[in-house]
Amino acid sequence: MDELMWVCGRLPEARARATEEGWGPELARVLDDVRDGARPVTAVVEVVYGHLGLPVRSRGYAPVPGQEPAPPPPGTYTCPGRHCSRTEVREPGGPLPECLVFDEPMSFR
């Protein structure tokens with residue numbers, strides 16, 4: 001699993017749940033540490049999964065047997081610092097996709 005892609009894509013929901021359940025400050029501290037390079041992004045996954053009562057997934061990618069991964073479509077937005085492999089497609093007239101971990105707009109490639 002690409003942990004940074006997971007965090008970036010689900011951060012709005014994680015922040016909302018953290019605020020509702022009272023662990024928002026802990027999540028904010030861990031995100032600050034990730035931005036500063038003091039902790040790996042897996043620390044965010046551990047905090048979120050821990051509060052959701054889920055086990056932290058093992059690292060690595062496991063493709064579906066017999067299925068080849070599809071190539072990314074042309075004209076997608078990617079992580080601005082190339083920290084992860086997250087991609088987004090912008091709908092016509094839609095908002096510019098953002099990396100919510102590093103608070104930057106995504107790059108068009």
# chains A, B, ... in the order shown; residues from 1 in each chain; ligands from 1
$ residues_around --residues "Gly75 in chain A" --least-positions-apart "6" --cutoff "8 Å" --atoms "only C-alpha atoms" --output "PyMOL selection string"
chain A and resi 89+108-109
$ residues_around --residues "range 91-106 of chain A" --least-positions-apart "4" --cutoff "10 Å" --atoms "only C-alpha atoms" --output "PDB file with N, CA, C and O atoms, in the first residue's frame"
ATOM      1  N   LEU A   4       1.299   7.231   1.755  1.00  0.00           N
ATOM      2  CA  LEU A   4       1.073   8.666   1.557  1.00  0.00           C
ATOM      3  C   LEU A   4      -0.133   8.897   0.654  1.00  0.00           C
ATOM      4  O   LEU A   4      -0.947   9.787   0.905  1.00  0.00           O
ATOM      5  N   MET A   5      -0.275   8.085  -0.380  1.00  0.00           N
ATOM      6  CA  MET A   5      -1.434   8.206  -1.253  1.00  0.00           C
ATOM      7  C   MET A   5      -2.714   7.939  -0.460  1.00  0.00           C
ATOM      8  O   MET A   5      -3.698   8.655  -0.601  1.00  0.00           O
ATOM      9  N   VAL A   7      -3.202   8.335   2.815  1.00  0.00           N
ATOM     10  CA  VAL A   7      -3.435   9.447   3.741  1.00  0.00           C
ATOM     11  C   VAL A   7      -3.959  10.660   2.991  1.00  0.00           C
ATOM     12  O   VAL A   7      -4.953  11.272   3.386  1.00  0.00           O
ATOM     13  N   CYS A   8      -3.298  11.029   1.911  1.00  0.00           N
ATOM     14  CA  CYS A   8      -3.678  12.218   1.153  1.00  0.00           C
ATOM     15  C   CYS A   8      -5.105  12.113   0.630  1.00  0.00           C
ATOM     16  O   CYS A   8      -5.881  13.063   0.721  1.00  0.00           O
ATOM     17  N   GLY A   9      -5.473  10.970   0.120  1.00  0.00           N
ATOM     18  CA  GLY A   9      -6.805  10.795  -0.441  1.00  0.00           C
ATOM     19  C   GLY A   9      -7.919  10.716   0.579  1.00  0.00           C
ATOM     20  O   GLY A   9      -9.076  10.978   0.266  1.00  0.00           O
ATOM     21  N   ARG A  10      -7.590  10.388   1.818  1.00  0.00           N
ATOM     22  CA  ARG A  10      -8.616  10.214   2.849  1.00  0.00           C
ATOM     23  C   ARG A  10      -8.508  11.208   3.993  1.00  0.00           C
ATOM     24  O   ARG A  10      -9.224  11.105   4.982  1.00  0.00           O
ATOM     25  N   LEU A  11      -7.622  12.168   3.870  1.00  0.00           N
ATOM     26  CA  LEU A  11      -7.390  13.102   4.961  1.00  0.00           C
ATOM     27  C   LEU A  11      -8.618  13.929   5.341  1.00  0.00           C
ATOM     28  O   LEU A  11      -8.858  14.141   6.534  1.00  0.00           O
ATOM     29  N   PRO A  12      -9.437  14.389   4.399  1.00  0.00           N
ATOM     30  CA  PRO A  12     -10.620  15.141   4.832  1.00  0.00           C
ATOM     31  C   PRO A  12     -11.530  14.332   5.758  1.00  0.00           C
ATOM     32  O   PRO A  12     -11.984  14.842   6.790  1.00  0.00           O
ATOM     33  N   LEU A  31       0.787  14.827  11.579  1.00  0.00           N
ATOM     34  CA  LEU A  31       0.932  15.411  10.245  1.00  0.00           C
ATOM     35  C   LEU A  31       2.046  16.447  10.210  1.00  0.00           C
ATOM     36  O   LEU A  31       2.806  16.512   9.237  1.00  0.00           O
ATOM     37  N   ASP A  32       2.164  17.263  11.261  1.00  0.00           N
ATOM     38  CA  ASP A  32       3.274  18.230  11.335  1.00  0.00           C
ATOM     39  C   ASP A  32       4.614  17.510  11.304  1.00  0.00           C
ATOM     40  O   ASP A  32       5.547  17.938  10.616  1.00  0.00           O
ATOM     41  N   VAL A  34       5.241  14.602   9.984  1.00  0.00           N
ATOM     42  CA  VAL A  34       5.449  14.049   8.638  1.00  0.00           C
ATOM     43  C   VAL A  34       5.950  15.152   7.713  1.00  0.00           C
ATOM     44  O   VAL A  34       6.911  14.961   6.958  1.00  0.00           O
ATOM     45  N   ARG A  35       5.324  16.323   7.771  1.00  0.00           N
ATOM     46  CA  ARG A  35       5.742  17.442   6.916  1.00  0.00           C
ATOM     47  C   ARG A  35       7.188  17.850   7.203  1.00  0.00           C
ATOM     48  O   ARG A  35       7.923  18.238   6.299  1.00  0.00           O
ATOM     49  N   ASP A  36       7.567  17.801   8.485  1.00  0.00           N
ATOM     50  CA  ASP A  36       8.923  18.192   8.883  1.00  0.00           C
ATOM     51  C   ASP A  36       9.952  17.093   8.638  1.00  0.00           C
ATOM     52  O   ASP A  36      11.145  17.294   8.859  1.00  0.00           O
ATOM     53  N   VAL A  41       5.217   8.629   7.055  1.00  0.00           N
ATOM     54  CA  VAL A  41       3.775   8.751   6.844  1.00  0.00           C
ATOM     55  C   VAL A  41       3.022   7.577   7.457  1.00  0.00           C
ATOM     56  O   VAL A  41       1.850   7.688   7.790  1.00  0.00           O
ATOM     57  N   THR A  76      -3.363  13.649 -15.952  1.00  0.00           N
ATOM     58  CA  THR A  76      -3.808  13.539 -14.564  1.00  0.00           C
ATOM     59  C   THR A  76      -3.004  14.480 -13.676  1.00  0.00           C
ATOM     60  O   THR A  76      -1.960  14.979 -14.049  1.00  0.00           O
ATOM     61  N   TYR A  77      -3.521  14.697 -12.489  1.00  0.00           N
ATOM     62  CA  TYR A  77      -2.814  15.469 -11.481  1.00  0.00           C
ATOM     63  C   TYR A  77      -2.089  14.488 -10.574  1.00  0.00           C
ATOM     64  O   TYR A  77      -2.626  13.433 -10.233  1.00  0.00           O
ATOM     65  N   THR A  78      -0.865  14.847 -10.202  1.00  0.00           N
ATOM     66  CA  THR A  78      -0.049  13.965  -9.366  1.00  0.00           C
ATOM     67  C   THR A  78       0.453  14.720  -8.140  1.00  0.00           C
ATOM     68  O   THR A  78       0.367  15.944  -8.068  1.00  0.00           O
ATOM     69  N   CYS A  79       1.010  13.981  -7.221  1.00  0.00           N
ATOM     70  CA  CYS A  79       1.569  14.556  -5.992  1.00  0.00           C
ATOM     71  C   CYS A  79       2.590  15.635  -6.366  1.00  0.00           C
ATOM     72  O   CYS A  79       3.495  15.377  -7.159  1.00  0.00           O
ATOM     73  N   PRO A  80       2.464  16.842  -5.801  1.00  0.00           N
ATOM     74  CA  PRO A  80       3.344  17.936  -6.202  1.00  0.00           C
ATOM     75  C   PRO A  80       4.820  17.695  -5.911  1.00  0.00           C
ATOM     76  O   PRO A  80       5.676  18.129  -6.667  1.00  0.00           O
ATOM     77  N   GLY A  81       5.136  17.001  -4.858  1.00  0.00           N
ATOM     78  CA  GLY A  81       6.531  16.737  -4.539  1.00  0.00           C
ATOM     79  C   GLY A  81       6.971  15.346  -4.918  1.00  0.00           C
ATOM     80  O   GLY A  81       8.057  14.918  -4.568  1.00  0.00           O
ATOM     81  N   ARG A  82       6.100  14.639  -5.617  1.00  0.00           N
ATOM     82  CA  ARG A  82       6.344  13.246  -5.992  1.00  0.00           C
ATOM     83  C   ARG A  82       6.669  12.376  -4.777  1.00  0.00           C
ATOM     84  O   ARG A  82       7.490  11.489  -4.826  1.00  0.00           O
ATOM     85  N   HIS A  83       5.977  12.691  -3.677  1.00  0.00           N
ATOM     86  CA  HIS A  83       6.157  11.921  -2.447  1.00  0.00           C
ATOM     87  C   HIS A  83       5.368  10.616  -2.496  1.00  0.00           C
ATOM     88  O   HIS A  83       5.699   9.666  -1.813  1.00  0.00           O
ATOM     89  N   ARG A  86      -0.217   9.060  -5.767  1.00  0.00           N
ATOM     90  CA  ARG A  86      -1.615   9.468  -5.919  1.00  0.00           C
ATOM     91  C   ARG A  86      -1.810  10.253  -7.210  1.00  0.00           C
ATOM     92  O   ARG A  86      -1.008  11.105  -7.558  1.00  0.00           O
ATOM     93  N   THR A  87      -2.889   9.954  -7.916  1.00  0.00           N
ATOM     94  CA  THR A  87      -3.271  10.708  -9.108  1.00  0.00           C
ATOM     95  C   THR A  87      -4.744  11.076  -8.990  1.00  0.00           C
ATOM     96  O   THR A  87      -5.516  10.375  -8.338  1.00  0.00           O
TER      97      THR A  87
END
$ residues_around --residues "Ala16 in chain A" --least-positions-apart "5" --cutoff "12 Å" --atoms "only C-alpha atoms" --output "count of residues only"
10
$ atom_distance --atom1 "CA of Tyr49 in chain A" --atom2 "CA of Ser107 in chain A"
28.4 Å
$ closest_residue --among "A:Arg90, A:Val30, A:Ser85, A:Arg17" --to "Glu46 in chain A" --atoms "only C-alpha atoms"
A:Val30
$ atom_distance --atom1 "CA of Gly53 in chain A" --atom2 "CA of Asp33 in chain A"
22.6 Å
$ decode --residues "range 8-24 of chain A" --atoms "N, CA, C and O atoms" --output "PDB file, in the first residue's frame"
ATOM      1  N   CYS A   8      -3.298  11.029   1.911  1.00  0.00           N
ATOM      2  CA  CYS A   8      -3.678  12.218   1.153  1.00  0.00           C
ATOM      3  C   CYS A   8      -5.105  12.113   0.630  1.00  0.00           C
ATOM      4  O   CYS A   8      -5.881  13.063   0.721  1.00  0.00           O
ATOM      5  N   GLY A   9      -5.473  10.970   0.120  1.00  0.00           N
ATOM      6  CA  GLY A   9      -6.805  10.795  -0.441  1.00  0.00           C
ATOM      7  C   GLY A   9      -7.919  10.716   0.579  1.00  0.00           C
ATOM      8  O   GLY A   9      -9.076  10.978   0.266  1.00  0.00           O
ATOM      9  N   ARG A  10      -7.590  10.388   1.818  1.00  0.00           N
ATOM     10  CA  ARG A  10      -8.616  10.214   2.849  1.00  0.00           C
ATOM     11  C   ARG A  10      -8.508  11.208   3.993  1.00  0.00           C
ATOM     12  O   ARG A  10      -9.224  11.105   4.982  1.00  0.00           O
ATOM     13  N   LEU A  11      -7.622  12.168   3.870  1.00  0.00           N
ATOM     14  CA  LEU A  11      -7.390  13.102   4.961  1.00  0.00           C
ATOM     15  C   LEU A  11      -8.618  13.929   5.341  1.00  0.00           C
ATOM     16  O   LEU A  11      -8.858  14.141   6.534  1.00  0.00           O
ATOM     17  N   PRO A  12      -9.437  14.389   4.399  1.00  0.00           N
ATOM     18  CA  PRO A  12     -10.620  15.141   4.832  1.00  0.00           C
ATOM     19  C   PRO A  12     -11.530  14.332   5.758  1.00  0.00           C
ATOM     20  O   PRO A  12     -11.984  14.842   6.790  1.00  0.00           O
ATOM     21  N   GLU A  13     -11.788  13.066   5.402  1.00  0.00           N
ATOM     22  CA  GLU A  13     -12.629  12.228   6.259  1.00  0.00           C
ATOM     23  C   GLU A  13     -11.953  11.935   7.593  1.00  0.00           C
ATOM     24  O   GLU A  13     -12.602  11.920   8.637  1.00  0.00           O
ATOM     25  N   ALA A  14     -10.639  11.689   7.547  1.00  0.00           N
ATOM     26  CA  ALA A  14      -9.911  11.407   8.791  1.00  0.00           C
ATOM     27  C   ALA A  14      -9.930  12.619   9.711  1.00  0.00           C
ATOM     28  O   ALA A  14     -10.140  12.482  10.920  1.00  0.00           O
ATOM     29  N   ARG A  15      -9.715  13.813   9.151  1.00  0.00           N
ATOM     30  CA  ARG A  15      -9.761  15.036   9.981  1.00  0.00           C
ATOM     31  C   ARG A  15     -11.138  15.248  10.587  1.00  0.00           C
ATOM     32  O   ARG A  15     -11.261  15.603  11.761  1.00  0.00           O
ATOM     33  N   ALA A  16     -12.182  15.030   9.790  1.00  0.00           N
ATOM     34  CA  ALA A  16     -13.545  15.209  10.305  1.00  0.00           C
ATOM     35  C   ALA A  16     -13.821  14.233  11.448  1.00  0.00           C
ATOM     36  O   ALA A  16     -14.350  14.625  12.497  1.00  0.00           O
ATOM     37  N   ARG A  17     -13.455  12.996  11.253  1.00  0.00           N
ATOM     38  CA  ARG A  17     -13.687  11.994  12.298  1.00  0.00           C
ATOM     39  C   ARG A  17     -12.836  12.283  13.535  1.00  0.00           C
ATOM     40  O   ARG A  17     -13.304  12.149  14.661  1.00  0.00           O
ATOM     41  N   ALA A  18     -11.591  12.701  13.314  1.00  0.00           N
ATOM     42  CA  ALA A  18     -10.710  13.035  14.440  1.00  0.00           C
ATOM     43  C   ALA A  18     -11.279  14.184  15.254  1.00  0.00           C
ATOM     44  O   ALA A  18     -11.238  14.174  16.487  1.00  0.00           O
ATOM     45  N   THR A  19     -11.830  15.180  14.571  1.00  0.00           N
ATOM     46  CA  THR A  19     -12.434  16.320  15.268  1.00  0.00           C
ATOM     47  C   THR A  19     -13.649  15.872  16.063  1.00  0.00           C
ATOM     48  O   THR A  19     -13.802  16.247  17.235  1.00  0.00           O
ATOM     49  N   GLU A  20     -14.507  15.074  15.431  1.00  0.00           N
ATOM     50  CA  GLU A  20     -15.717  14.573  16.099  1.00  0.00           C
ATOM     51  C   GLU A  20     -15.390  13.737  17.330  1.00  0.00           C
ATOM     52  O   GLU A  20     -16.090  13.808  18.340  1.00  0.00           O
ATOM     53  N   GLU A  21     -14.331  12.940  17.233  1.00  0.00           N
ATOM     54  CA  GLU A  21     -14.025  11.983  18.292  1.00  0.00           C
ATOM     55  C   GLU A  21     -12.954  12.462  19.265  1.00  0.00           C
ATOM     56  O   GLU A  21     -12.583  11.734  20.184  1.00  0.00           O
ATOM     57  N   GLY A  22     -12.417  13.666  19.036  1.00  0.00           N
ATOM     58  CA  GLY A  22     -11.493  14.246  20.006  1.00  0.00           C
ATOM     59  C   GLY A  22     -10.023  13.918  19.841  1.00  0.00           C
ATOM     60  O   GLY A  22      -9.225  14.232  20.704  1.00  0.00           O
ATOM     61  N   TRP A  23      -9.634  13.304  18.728  1.00  0.00           N
ATOM     62  CA  TRP A  23      -8.209  13.012  18.525  1.00  0.00           C
ATOM     63  C   TRP A  23      -7.614  13.863  17.416  1.00  0.00           C
ATOM     64  O   TRP A  23      -6.545  13.578  16.884  1.00  0.00           O
ATOM     65  N   GLY A  24      -8.277  14.981  17.104  1.00  0.00           N
ATOM     66  CA  GLY A  24      -7.782  15.916  16.097  1.00  0.00           C
ATOM     67  C   GLY A  24      -6.396  16.477  16.406  1.00  0.00           C
ATOM     68  O   GLY A  24      -5.540  16.539  15.518  1.00  0.00           O
TER      69      GLY A  24
END
